[in-house]
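Here the structure comes first, spelled out in structure tokens, and everything after it is commentary.
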Amino acid sequence: PYLLGGESDLVQRLDAREPWKVVGTWNVHGDEPVADGGDQNANPVAVVQTSCSKAYVLRFNRDRIAVIDPSRPGGAGASATPTSYIDLAGLKQPGDPNFIEMTSAVYVPSKKKVFVLLGNADLTRTQTAGGFTKLLCAPSLKPSIIAIDVDTDKVVSLGGTGPGGGILLDGYNPPLGTPLIYDAAFDRLLVLNAGCNDALGDGGAGAIVRRRVEQVDLATGAVKTLLPLDAMGFPSSLAFVDGSHAAVAFYF
């Protein structure tokens, strides 16, 4: 297992038998310039290990994936650094003022691909009311799923209409850290989206929309809503059991 320090930018690998013991540490802060007022921390949110010597670290506050070598941990009291980076900045959708918000990923060995979920939300469109910050929808932006070839570390097209041949989803705002799920029996990906508040004409926050569980058929690229959740609370996690059983957890 891995422990991710969202503020410290440290990724720590834990001993499998004694998971309270740290056996490797990597600093994935990176050297990207940060604009005034921007997020100083890279905020690692997911690690996908594809071999004994390669793992991909998604960083929510950056547009590059950090690649680390799990077989070369930092020494005593020291942190290792990434062996390389994969730049996804070119996949930003028009009108998105933030990062691409890489949120989750899953490795499918049979395809030799890592599928990455990009949030592509406009995080500047917010309204605070009743003690809660509500995210307003940006109609022109959609989450997308892209693929990375693990042999070349290059983005490969999935035949979709999104940047890089990514597949565009209909939901919005995938919850941070919620796993992207691959269902091998149906060759599909499952995605949880927390949705957004419809923007009213006066700039206020309207009803919740685009909150749902979606599937992506990897054979055809077709996107389908499996479970609409607009009438529910904020969904925090999706746990997959099999093709006909799953659980969705909610905040509040």
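Identifiers for the structure tokens are assigned positionally: chains receive A, B, ... in sequence, residues are indexed from 1 per chain, and ligands are indexed from 1 in the order shown.
Omitting A:Leu4 and its sequence neighbours fewer than 5 positions away, and counting only C-alpha atoms, the residues within 7 Å are A:Leu10, A:Val11, A:Gln12, A:Pro44, A:Val45.
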(request) Do a neighbour search on stretch 18-26 of chain A at 6 Å with only C-alpha atoms, toss out local chain neighbours closer than 2 positions, and write the hits as number ranges by chain. (result) A: 10-16, 73-74, 79-81
(message) Nearest residue to A:Pro139 out of A:Val106, A:Val155, A:Val209, A:Ile68, using only C-alpha atoms?
(response) A:Val209
Assign secondary structure with DSSP using the backbone only, and return the residues of stretch 91-204 of chain A in strand (DSSP E) as a tab-separated table (two decimals) with N, CA, C and O atoms, in the first residue's frame.
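See out33.tsv below for the written result:
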```
chain	number	residue	atom	x	y	z
A	102	MET	N	-6.37	15.72	-12.77
A	102	MET	CA	-6.30	14.26	-12.82
A	102	MET	C	-6.72	13.70	-11.47
A	102	MET	O	-6.22	14.11	-10.42
A	103	THR	N	-7.69	12.81	-11.48
A	103	THR	CA	-8.41	12.42	-10.27
A	103	THR	C	-8.19	10.97	-9.86
A	103	THR	O	-8.08	10.65	-8.69
A	104	SER	N	-8.12	10.09	-10.85
A	104	SER	CA	-8.00	8.67	-10.55
A	104	SER	C	-7.48	7.95	-11.79
A	104	SER	O	-7.48	8.50	-12.89
A	105	ALA	N	-7.03	6.70	-11.59
A	105	ALA	CA	-6.51	5.92	-12.71
A	105	ALA	C	-6.59	4.45	-12.37
A	105	ALA	O	-6.68	4.06	-11.20
A	106	VAL	N	-6.53	3.62	-13.41
A	106	VAL	CA	-6.53	2.17	-13.21
A	106	VAL	C	-5.66	1.55	-14.30
A	106	VAL	O	-5.67	2.00	-15.46
A	107	TYR	N	-4.91	0.53	-13.93
A	107	TYR	CA	-4.06	-0.19	-14.88
A	107	TYR	C	-4.76	-1.46	-15.33
A	107	TYR	O	-5.23	-2.25	-14.50
A	108	VAL	N	-4.82	-1.67	-16.64
A	108	VAL	CA	-5.40	-2.88	-17.20
A	108	VAL	C	-4.28	-3.62	-17.93
A	108	VAL	O	-3.94	-3.28	-19.07
A	113	LYS	N	-2.33	-0.64	-20.76
A	113	LYS	CA	-2.70	0.77	-20.69
A	113	LYS	C	-3.08	1.16	-19.27
A	113	LYS	O	-3.64	0.35	-18.52
A	114	VAL	N	-2.75	2.39	-18.92
A	114	VAL	CA	-3.28	3.01	-17.72
A	114	VAL	C	-4.36	3.99	-18.17
A	114	VAL	O	-4.10	4.88	-18.99
A	115	PHE	N	-5.56	3.81	-17.66
A	115	PHE	CA	-6.66	4.72	-17.97
A	115	PHE	C	-6.74	5.78	-16.88
A	115	PHE	O	-6.76	5.45	-15.68
A	116	VAL	N	-6.75	7.03	-17.28
A	116	VAL	CA	-6.70	8.15	-16.35
A	116	VAL	C	-7.97	8.97	-16.46
A	116	VAL	O	-8.39	9.34	-17.57
A	117	LEU	N	-8.57	9.28	-15.32
A	117	LEU	CA	-9.77	10.12	-15.27
A	117	LEU	C	-9.36	11.56	-15.01
A	117	LEU	O	-8.72	11.87	-14.01
A	118	LEU	N	-9.72	12.45	-15.94
A	118	LEU	CA	-9.45	13.88	-15.81
A	118	LEU	C	-10.74	14.60	-15.44
A	118	LEU	O	-11.74	14.45	-16.14
A	126	THR	N	-17.61	29.04	-8.08
A	126	THR	CA	-18.15	28.58	-6.80
A	126	THR	C	-19.04	29.64	-6.17
A	126	THR	O	-18.96	30.83	-6.49
A	127	GLN	N	-19.89	29.17	-5.28
A	127	GLN	CA	-20.72	30.08	-4.48
A	127	GLN	C	-20.85	29.48	-3.08
A	127	GLN	O	-21.10	28.28	-2.94
A	128	THR	N	-20.63	30.29	-2.07
A	128	THR	CA	-20.75	29.84	-0.69
A	128	THR	C	-22.08	30.27	-0.12
A	128	THR	O	-22.43	31.45	-0.16
A	129	ALA	N	-22.85	29.30	0.36
A	129	ALA	CA	-24.16	29.59	0.94
A	129	ALA	C	-24.46	28.54	2.01
A	129	ALA	O	-24.23	27.35	1.80
A	132	PHE	N	-21.71	26.07	3.06
A	132	PHE	CA	-21.18	25.11	2.11
A	132	PHE	C	-20.77	25.82	0.82
A	132	PHE	O	-21.43	26.76	0.38
A	133	THR	N	-19.68	25.38	0.24
A	133	THR	CA	-19.23	25.90	-1.04
A	133	THR	C	-19.80	25.03	-2.15
A	133	THR	O	-19.59	23.82	-2.18
A	134	LYS	N	-20.52	25.64	-3.05
A	134	LYS	CA	-21.16	24.92	-4.14
A	134	LYS	C	-20.41	25.19	-5.43
A	134	LYS	O	-20.05	26.32	-5.74
A	135	LEU	N	-20.17	24.13	-6.18
A	135	LEU	CA	-19.49	24.24	-7.46
A	135	LEU	C	-20.51	24.43	-8.56
A	135	LEU	O	-21.39	23.58	-8.76
A	144	SER	N	-13.08	13.53	-18.68
A	144	SER	CA	-12.68	12.66	-19.79
A	144	SER	C	-11.80	11.54	-19.27
A	144	SER	O	-11.20	11.63	-18.20
A	145	ILE	N	-11.75	10.49	-20.05
A	145	ILE	CA	-10.87	9.36	-19.75
A	145	ILE	C	-9.87	9.24	-20.90
A	145	ILE	O	-10.25	9.19	-22.07
A	146	ILE	N	-8.60	9.24	-20.53
A	146	ILE	CA	-7.54	9.09	-21.52
A	146	ILE	C	-6.77	7.81	-21.22
A	146	ILE	O	-6.96	7.18	-20.17
A	147	ALA	N	-5.92	7.41	-22.14
A	147	ALA	CA	-5.13	6.18	-21.97
A	147	ALA	C	-3.66	6.48	-22.19
A	147	ALA	O	-3.29	7.26	-23.07
A	148	ILE	N	-2.82	5.82	-21.38
A	148	ILE	CA	-1.37	5.93	-21.51
A	148	ILE	C	-0.81	4.54	-21.78
A	148	ILE	O	-1.10	3.59	-21.05
A	149	ASP	N	-0.01	4.42	-22.82
A	149	ASP	CA	0.67	3.17	-23.15
A	149	ASP	C	1.83	2.99	-22.16
A	149	ASP	O	2.72	3.84	-22.09
A	154	LYS	N	3.30	7.25	-23.54
A	154	LYS	CA	2.66	8.22	-24.40
A	154	LYS	C	1.14	8.08	-24.30
A	154	LYS	O	0.61	6.99	-24.08
A	155	VAL	N	0.44	9.21	-24.46
A	155	VAL	CA	-1.01	9.19	-24.53
A	155	VAL	C	-1.44	8.58	-25.86
A	155	VAL	O	-0.94	8.98	-26.92
A	156	VAL	N	-2.33	7.60	-25.80
A	156	VAL	CA	-2.82	6.96	-27.02
A	156	VAL	C	-4.33	7.20	-27.12
A	156	VAL	O	-5.04	7.23	-26.12
A	167	ILE	N	-12.22	10.00	-24.11
A	167	ILE	CA	-13.67	9.81	-24.13
A	167	ILE	C	-14.31	10.79	-23.15
A	167	ILE	O	-13.99	10.79	-21.96
A	168	LEU	N	-15.22	11.61	-23.64
A	168	LEU	CA	-15.89	12.62	-22.82
A	168	LEU	C	-17.06	12.00	-22.08
A	168	LEU	O	-17.83	11.21	-22.65
A	181	ILE	N	-12.85	2.40	-11.89
A	181	ILE	CA	-13.00	0.94	-11.79
A	181	ILE	C	-13.07	0.31	-13.17
A	181	ILE	O	-13.79	0.79	-14.05
A	182	TYR	N	-12.29	-0.76	-13.34
A	182	TYR	CA	-12.37	-1.54	-14.57
A	182	TYR	C	-13.10	-2.84	-14.30
A	182	TYR	O	-12.72	-3.62	-13.42
A	183	ASP	N	-14.16	-3.07	-15.05
A	183	ASP	CA	-14.97	-4.29	-14.94
A	183	ASP	C	-14.61	-5.16	-16.15
A	183	ASP	O	-15.11	-4.95	-17.26
A	188	ARG	N	-15.53	-2.62	-19.38
A	188	ARG	CA	-16.03	-1.27	-19.20
A	188	ARG	C	-15.34	-0.61	-18.01
A	188	ARG	O	-14.83	-1.27	-17.11
A	189	LEU	N	-15.37	0.72	-18.01
A	189	LEU	CA	-14.91	1.51	-16.88
A	189	LEU	C	-16.12	2.11	-16.18
A	189	LEU	O	-17.09	2.51	-16.84
A	190	LEU	N	-16.07	2.18	-14.86
A	190	LEU	CA	-17.14	2.77	-14.07
A	190	LEU	C	-16.62	4.03	-13.40
A	190	LEU	O	-15.52	4.04	-12.83
A	191	VAL	N	-17.43	5.09	-13.46
A	191	VAL	CA	-17.02	6.40	-12.96
A	191	VAL	C	-18.12	6.98	-12.09
A	191	VAL	O	-19.30	6.93	-12.43
A	192	LEU	N	-17.72	7.54	-10.95
A	192	LEU	CA	-18.65	8.26	-10.08
A	192	LEU	C	-18.42	9.76	-10.25
A	192	LEU	O	-17.29	10.24	-10.18
A	193	ASN	N	-19.50	10.50	-10.48
A	193	ASN	CA	-19.43	11.96	-10.61
A	193	ASN	C	-20.31	12.61	-9.55
A	193	ASN	O	-21.47	12.23	-9.37
A	194	ALA	N	-19.76	13.60	-8.85
A	194	ALA	CA	-20.50	14.27	-7.78
A	194	ALA	C	-21.43	15.35	-8.30
A	194	ALA	O	-22.30	15.83	-7.57
A	195	GLY	N	-21.28	15.75	-9.56
A	195	GLY	CA	-22.17	16.74	-10.13
A	195	GLY	C	-21.82	18.16	-9.76
A	195	GLY	O	-20.76	18.45	-9.17
A	196	CYS	N	-22.72	19.07	-10.08
A	196	CYS	CA	-22.51	20.50	-9.86
A	196	CYS	C	-23.87	21.18	-9.71
A	196	CYS	O	-24.91	20.57	-9.95
A	197	ASN	N	-23.84	22.43	-9.30
A	197	ASN	CA	-25.08	23.21	-9.17
A	197	ASN	C	-25.32	23.99	-10.45
A	197	ASN	O	-24.44	24.72	-10.93
A	198	ASP	N	-26.50	23.84	-11.00
A	198	ASP	CA	-26.86	24.59	-12.19
A	198	ASP	C	-26.78	26.08	-11.88
A	198	ASP	O	-27.30	26.54	-10.86
A	199	ALA	N	-26.12	26.83	-12.73
A	199	ALA	CA	-25.95	28.26	-12.50
A	199	ALA	C	-27.22	29.01	-12.89
A	199	ALA	O	-27.72	28.88	-14.02
```
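Of the listed residues (A:Pro235, A:Pro1, A:Gly75, A:Gly95), A:Gly95 comes nearest to A:Ser140; the distances count only C-alpha atoms.
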(request) Work out how far apart atom CA of A:Gln215 and atom CA of A:Pro175 are and give it in Å to one decimal. (result) 15.8 Å
(message) I'd like to know which of A:Asn173, A:Ser53, A:Thr152, A:Ser237 is closest to A:Arg211, using only C-alpha atoms.
(response) A:Asn173
